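S.K.: My questions all concern the structure below.
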Amino acid sequence: MNVVATLPLRLLRMPTRRRLVLVLGTLVVSLGLYGLAFPATYLGGVLLLPLVLCAWLFGWQGGLLCLAGIVLIVGACYEVSFGGTFWSSALFVSFVTRILYGLAVCLIVGVLRRMADALLGAQRKIARTEQAYQQEHALNEFKEQVLQNLSHELRTPLTHILGYLDLLETYQDQFDAATRARFIGYARSGCEELLSLIAMALDPAHDSGEQQSLHLSIFSLQHEVQTVMAHLEPRFLQDYRFELDISESVQVYTDPRFVRQIVRNLLTNACKYTPPQTRITVSAAPWLPRDGQQAHTDMICVRVSDEGPGIPPEQQPLLFQRFVRLPNAAASTQPGTGLGLAICKQLVEAMGGSIWVESTGQKGAGCCFSFTLASGSATGAEDQMKCEGGGNDRAKEIPRGTHEQHAVSSFRRSS
């Protein structure tokens, strides 16, 4: 029954040329059968098939044209067979009656065709409306999910800022000036992270490709990475083994705020999607291109590797797109906005570097995110920095005091 109902609709989807071939072929076969039986047997019923088919495929106008052709051919056959007696006999009355009957069939099928067109148009309109509704519903769900995840991401730096300010308020009499300055610096770093995340997520300037303002300086890469590691969530520091393989002599010429944001995002992603009690390593060395050429001493390659499930090669091109989460990440319970790696890519490219991922996708093999930075020991880096007015902006590492360690441990326990 379903085939009978859908076959006429399938015929309407055929191209015009195929419709015409089908009608002409049916007409030739029907006329041939009619001619073989004429005049001994009357097979007028076979002539209805091309008439109905033509009226359905081309409307009532096409049916009338087909009827006219059939009338001419059949009338010629009667004239040849019966001569002048045909026009004065009862055969002529029967012939005219069959013409009127064919005309009625043609008009009825034409009306059905118009009704079918109206129904199909209404179905298409309903389908477009349902599709638009589904798209709007999916977009609203996407917005709600993004806002929920973004709220979580914004809450993390806010918690750090509030925590250090609470420590300063509670233990201000016990801290020396250096410790207070250090905590204020940590709170400011959290503010910078928060502003960067807000700007990347909400500022339309990023969609138009505008570059972020850079504050270049030569600083110790090891110091900045250690600072980021010290400010990770306490549960991450307890659940994972962090290894730092960066020499104290490695210096880079770039924006320290951007470097901290990139390393923080990569380490946070590694902690989210890597099994607990596994190792996460941050290393740096002169960049060795993958084509085996000599290492670039003017570029430093920073690598963040883990021992997680890895990323399938076919999903890797999607990693650095905004608001895109891979299927495994979206199916997990870990919150995320799909902005972390997009932020990393934009910041790295703003500093003139590149970022990529290496992973086989095999379970336990993990993945390695790498990005390049300008080396601080490159020829002419200091002269360029002086021309840009950044000669005194070199970062220095300040030893952490006893009071600070006690305060930080107290803050982490309270979290």
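Simple scheme: letters A, B, ... for chains in structure tokens order, numbers from 1 for residues in each chain, numbers from 1 for ligands in the order shown.
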Excluding region 227-237 of chain A and any residue of its chain fewer than 6 positions from it, enumerate the residues within 9 Å of it, using only C-alpha atoms, and give them as a ChimeraX atom specification.
M.R.: /A:156,160,186,260-261,263-264,267-268,271-272,276,412-413,415
S.K.: Would you give me, as a Markdown table, each residue of region 217-270 of chain A having an atom within 12 Å of an atom of region 301-306 of chain A, along with its shortest atom pair and that distance in Å to one decimal, using only C-alpha atoms and sorting by chain and residue number?
M.R.:
```
| residue | atom | partner | partner_atom | distance |
| --- | --- | --- | --- | --- |
| A:Leu221 | CA | A:Val302 | CA | 9.4 |
| A:Gln222 | CA | A:Val302 | CA | 10.7 |
| A:Val225 | CA | A:Val302 | CA | 10.4 |
| A:Tyr240 | CA | A:Asp306 | CA | 10.1 |
| A:Arg241 | CA | A:Asp306 | CA | 10.1 |
| A:Phe242 | CA | A:Asp306 | CA | 9.6 |
| A:Glu243 | CA | A:Val304 | CA | 9.9 |
| A:Leu244 | CA | A:Val304 | CA | 9.6 |
| A:Asp245 | CA | A:Arg303 | CA | 9.6 |
| A:Ile246 | CA | A:Val302 | CA | 8.9 |
| A:Ser247 | CA | A:Val302 | CA | 11.8 |
| A:Val250 | CA | A:Val302 | CA | 10.8 |
| A:Gln251 | CA | A:Cys301 | CA | 11.6 |
| A:Val252 | CA | A:Cys301 | CA | 10.3 |
| A:Val259 | CA | A:Val302 | CA | 10.1 |
| A:Ile262 | CA | A:Val304 | CA | 10.4 |
| A:Val263 | CA | A:Val304 | CA | 8.0 |
| A:Arg264 | CA | A:Val304 | CA | 10.5 |
| A:Asn265 | CA | A:Val304 | CA | 10.5 |
| A:Leu266 | CA | A:Val304 | CA | 6.9 |
| A:Leu267 | CA | A:Val304 | CA | 7.3 |
| A:Thr268 | CA | A:Val304 | CA | 10.8 |
| A:Asn269 | CA | A:Asp306 | CA | 10.0 |
| A:Ala270 | CA | A:Asp306 | CA | 6.4 |
```
S.K.: With N, CA and C atoms kept, could you save the residues just selected as a compact mmCIF listing (two decimals), in the first residue's frame?
M.R.:
```
# COMPACT_ATOMS: atom_id res chain seq x y z
N LEU A 221 61.40 31.43 30.87
CA LEU A 221 60.26 30.58 30.59
C LEU A 221 59.98 29.64 31.76
N GLN A 222 61.02 29.13 32.38
CA GLN A 222 60.84 28.23 33.52
C GLN A 222 60.06 28.90 34.64
N VAL A 225 56.27 29.18 33.75
CA VAL A 225 55.59 27.89 33.80
C VAL A 225 55.42 27.44 35.24
N TYR A 240 47.78 14.60 39.89
CA TYR A 240 48.67 14.37 38.75
C TYR A 240 50.12 14.64 39.13
N ARG A 241 51.00 13.97 38.39
CA ARG A 241 52.44 14.16 38.59
C ARG A 241 52.95 15.12 37.51
N PHE A 242 53.31 16.31 37.89
CA PHE A 242 53.79 17.31 36.96
C PHE A 242 55.32 17.27 36.91
N GLU A 243 55.83 17.27 35.70
CA GLU A 243 57.28 17.31 35.48
C GLU A 243 57.63 18.51 34.61
N LEU A 244 58.65 19.23 35.03
CA LEU A 244 59.08 20.43 34.31
C LEU A 244 60.48 20.19 33.78
N ASP A 245 60.59 20.14 32.48
CA ASP A 245 61.88 19.88 31.83
C ASP A 245 62.27 21.10 31.01
N ILE A 246 62.51 22.19 31.71
CA ILE A 246 62.91 23.45 31.07
C ILE A 246 64.12 23.98 31.82
N SER A 247 65.18 24.24 31.10
CA SER A 247 66.39 24.76 31.72
C SER A 247 66.19 26.20 32.20
N VAL A 250 66.76 29.00 29.64
CA VAL A 250 65.87 29.23 28.50
C VAL A 250 65.08 30.51 28.73
N GLN A 251 65.30 31.46 27.84
CA GLN A 251 64.57 32.73 27.91
C GLN A 251 63.86 32.96 26.57
N VAL A 252 62.72 33.60 26.64
CA VAL A 252 61.93 33.87 25.44
C VAL A 252 61.64 35.36 25.37
N VAL A 259 51.83 33.84 27.40
CA VAL A 259 52.46 32.55 27.67
C VAL A 259 51.79 31.87 28.85
N ILE A 262 48.39 30.50 27.72
CA ILE A 262 48.51 29.32 26.86
C ILE A 262 48.85 28.09 27.69
N VAL A 263 49.88 28.21 28.54
CA VAL A 263 50.30 27.06 29.35
C VAL A 263 49.18 26.66 30.31
N ARG A 264 48.49 27.63 30.89
CA ARG A 264 47.40 27.32 31.81
C ARG A 264 46.28 26.55 31.09
N ASN A 265 45.92 26.99 29.90
CA ASN A 265 44.87 26.29 29.15
C ASN A 265 45.28 24.87 28.79
N LEU A 266 46.52 24.69 28.33
CA LEU A 266 46.97 23.36 27.93
C LEU A 266 47.06 22.42 29.13
N LEU A 267 47.56 22.93 30.27
CA LEU A 267 47.65 22.09 31.46
C LEU A 267 46.26 21.74 32.00
N THR A 268 45.35 22.70 31.97
CA THR A 268 43.99 22.44 32.44
C THR A 268 43.31 21.39 31.56
N ASN A 269 43.48 21.48 30.24
CA ASN A 269 42.91 20.47 29.35
C ASN A 269 43.51 19.10 29.63
N ALA A 270 44.83 19.05 29.84
CA ALA A 270 45.48 17.78 30.12
C ALA A 270 44.94 17.16 31.40
```
S.K.: Which value, in Å to one decimal, gives the distance between CA of Tyr164 (chain A) and CA of Ile198 (chain A)?
M.R.: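 CA of Ile198 (chain A) lies at a distance of 20.9 Å from CA of Tyr164 (chain A).
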S.K.: Using DSSP on the backbone coordinates, identify the residues of region 82-325 of chain A assigned to strand (DSSP E); present them as JSON, numbers by chain.
M.R.: {"A": [217, 218, 219, 220, 241, 242, 243, 244, 245, 251, 252, 253, 254, 279, 280, 281, 282, 283, 284, 285, 286, 287, 296, 297, 298, 299, 300, 301, 302, 303, 304, 305]}
S.K.: Using N, CA, C and O atoms, can you write the selected residues to a file as a short mmCIF file (atom, residue, chain, number, x, y, z; two decimals), in the first residue's frame?
M.R.:
```
data_model
loop_
_atom_site.label_atom_id
_atom_site.label_comp_id
_atom_site.auth_asym_id
_atom_site.auth_seq_id
_atom_site.Cartn_x
_atom_site.Cartn_y
_atom_site.Cartn_z
N SER A 217 58.69 41.24 26.14
CA SER A 217 59.81 41.35 27.07
C SER A 217 60.59 40.05 27.03
O SER A 217 60.09 39.02 26.55
N ILE A 218 61.81 40.09 27.52
CA ILE A 218 62.63 38.89 27.66
C ILE A 218 62.47 38.40 29.10
O ILE A 218 62.67 39.15 30.05
N PHE A 219 62.12 37.13 29.27
CA PHE A 219 61.91 36.60 30.62
C PHE A 219 62.22 35.12 30.63
O PHE A 219 62.36 34.47 29.60
N SER A 220 62.30 34.59 31.85
CA SER A 220 62.60 33.18 32.06
C SER A 220 61.34 32.35 31.83
O SER A 220 60.33 32.52 32.52
N ARG A 241 51.00 13.97 38.39
CA ARG A 241 52.44 14.16 38.59
C ARG A 241 52.95 15.12 37.51
O ARG A 241 52.98 14.76 36.33
N PHE A 242 53.31 16.31 37.89
CA PHE A 242 53.79 17.31 36.96
C PHE A 242 55.32 17.27 36.91
O PHE A 242 55.98 17.24 37.94
N GLU A 243 55.83 17.27 35.70
CA GLU A 243 57.28 17.31 35.48
C GLU A 243 57.63 18.51 34.61
O GLU A 243 56.97 18.76 33.60
N LEU A 244 58.65 19.23 35.03
CA LEU A 244 59.08 20.43 34.31
C LEU A 244 60.48 20.19 33.78
O LEU A 244 61.43 20.03 34.56
N ASP A 245 60.59 20.14 32.48
CA ASP A 245 61.88 19.88 31.83
C ASP A 245 62.27 21.10 31.01
O ASP A 245 62.32 21.07 29.78
N GLN A 251 65.30 31.46 27.84
CA GLN A 251 64.57 32.73 27.91
C GLN A 251 63.86 32.96 26.57
O GLN A 251 64.35 32.55 25.52
N VAL A 252 62.72 33.60 26.64
CA VAL A 252 61.93 33.87 25.44
C VAL A 252 61.64 35.36 25.37
O VAL A 252 61.64 36.07 26.39
N TYR A 253 61.41 35.82 24.16
CA TYR A 253 61.10 37.23 23.92
C TYR A 253 59.67 37.30 23.40
O TYR A 253 59.40 37.12 22.21
N THR A 254 58.73 37.51 24.30
CA THR A 254 57.32 37.50 23.94
C THR A 254 56.53 38.14 25.07
O THR A 254 57.10 38.80 25.94
N ARG A 279 51.26 11.12 34.41
CA ARG A 279 52.28 12.17 34.32
C ARG A 279 51.93 13.17 33.24
O ARG A 279 51.47 12.81 32.16
N ILE A 280 52.15 14.44 33.57
CA ILE A 280 52.01 15.54 32.62
C ILE A 280 53.34 16.28 32.59
O ILE A 280 53.82 16.75 33.63
N THR A 281 53.92 16.40 31.42
CA THR A 281 55.27 16.96 31.29
C THR A 281 55.24 18.23 30.47
O THR A 281 54.58 18.29 29.42
N VAL A 282 55.94 19.24 30.93
CA VAL A 282 56.13 20.49 30.18
C VAL A 282 57.62 20.61 29.90
O VAL A 282 58.44 20.63 30.83
N SER A 283 57.97 20.69 28.63
CA SER A 283 59.38 20.78 28.24
C SER A 283 59.55 21.88 27.20
O SER A 283 58.58 22.33 26.59
N ALA A 284 60.79 22.27 27.01
CA ALA A 284 61.11 23.31 26.02
C ALA A 284 62.52 23.08 25.50
O ALA A 284 63.42 22.68 26.25
N ALA A 285 62.70 23.33 24.22
CA ALA A 285 64.00 23.18 23.57
C ALA A 285 63.97 23.98 22.28
O ALA A 285 62.89 24.37 21.81
N PRO A 286 65.15 24.25 21.70
CA PRO A 286 65.16 24.92 20.39
C PRO A 286 64.33 24.13 19.39
O PRO A 286 64.33 22.89 19.38
N TRP A 287 63.60 24.87 18.58
CA TRP A 287 62.65 24.24 17.67
C TRP A 287 63.37 23.47 16.59
O TRP A 287 64.18 24.01 15.84
N HIS A 296 66.17 25.59 14.88
CA HIS A 296 66.11 27.04 14.83
C HIS A 296 66.45 27.60 16.21
O HIS A 296 65.67 27.46 17.15
N THR A 297 67.62 28.21 16.33
CA THR A 297 68.02 28.75 17.62
C THR A 297 67.25 30.01 17.98
O THR A 297 67.29 30.43 19.14
N ASP A 298 66.55 30.62 17.02
CA ASP A 298 65.79 31.83 17.32
C ASP A 298 64.35 31.52 17.70
O ASP A 298 63.56 32.43 17.92
N MET A 299 63.98 30.23 17.77
CA MET A 299 62.64 29.83 18.18
C MET A 299 62.74 28.74 19.24
O MET A 299 63.55 27.82 19.13
N ILE A 300 61.90 28.84 20.24
CA ILE A 300 61.80 27.84 21.29
C ILE A 300 60.48 27.09 21.13
O ILE A 300 59.43 27.71 20.98
N CYS A 301 60.54 25.76 21.16
CA CYS A 301 59.35 24.94 21.05
C CYS A 301 58.98 24.42 22.44
O CYS A 301 59.78 23.73 23.09
N VAL A 302 57.80 24.79 22.90
CA VAL A 302 57.30 24.36 24.20
C VAL A 302 56.32 23.21 23.97
O VAL A 302 55.43 23.31 23.12
N ARG A 303 56.48 22.14 24.75
CA ARG A 303 55.63 20.96 24.58
C ARG A 303 54.95 20.61 25.90
O ARG A 303 55.60 20.61 26.96
N VAL A 304 53.67 20.32 25.81
CA VAL A 304 52.89 19.84 26.95
C VAL A 304 52.35 18.47 26.56
O VAL A 304 51.47 18.36 25.70
N SER A 305 52.86 17.43 27.20
CA SER A 305 52.48 16.06 26.84
C SER A 305 51.84 15.37 28.04
O SER A 305 52.13 15.69 29.19
#
```
S.K.: Could you state the separation of CA of Glu141 (chain A) and CA of Phe320 (chain A) in Å, given to one decimal place?
M.R.: 21.9 Å
S.K.: When you count only C-alpha atoms, which of these residues is closest to Leu72 (chain A): A:Ser213, A:Ala138, A:Ile99, A:Glu224?
M.R.: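 Of A:Ser213, A:Ala138, A:Ile99, A:Glu224, the one nearest Leu72 (chain A), counting only C-alpha atoms, is A:Ile99.
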S.K.: To test your reading of the structure, identify every residue in region 144-323 of chain A that backbone DSSP assigns to helix (DSSP H, G or I), and report it as a ChimeraX atom specification.
M.R.: /A:144-170,177-202,204-206,221-230,234-239,256-273,313-318
S.K.: From the set A:Thr6, A:Ser359, A:Leu65, A:Val28, which residue has the shortest atom-to-atom contact distance to Pro313 (chain A), counting only C-alpha atoms?
M.R.: A:Ser359
S.K.: Closest to Trp60 (chain A) among A:Val105, A:Leu165, A:Leu27, A:Cys367, using only C-alpha atoms?
M.R.: A:Val105
S.K.: Between CA of Gly366 (chain A) and CA of Ser354 (chain A), what is the spacing in Å?
M.R.: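 Atom-to-atom, CA of Ser354 (chain A) to CA of Gly366 (chain A), that is 20.6 Å.
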S.K.: Please determine, counting only C-alpha atoms, which residue among A:Trp356, A:Arg19, A:Glu169, A:Lys125 has the shortest atom-to-atom distance to Leu318 (chain A).
M.R.: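 Of the candidates, the smallest distance to Leu318 (chain A) is held by A:Trp356.
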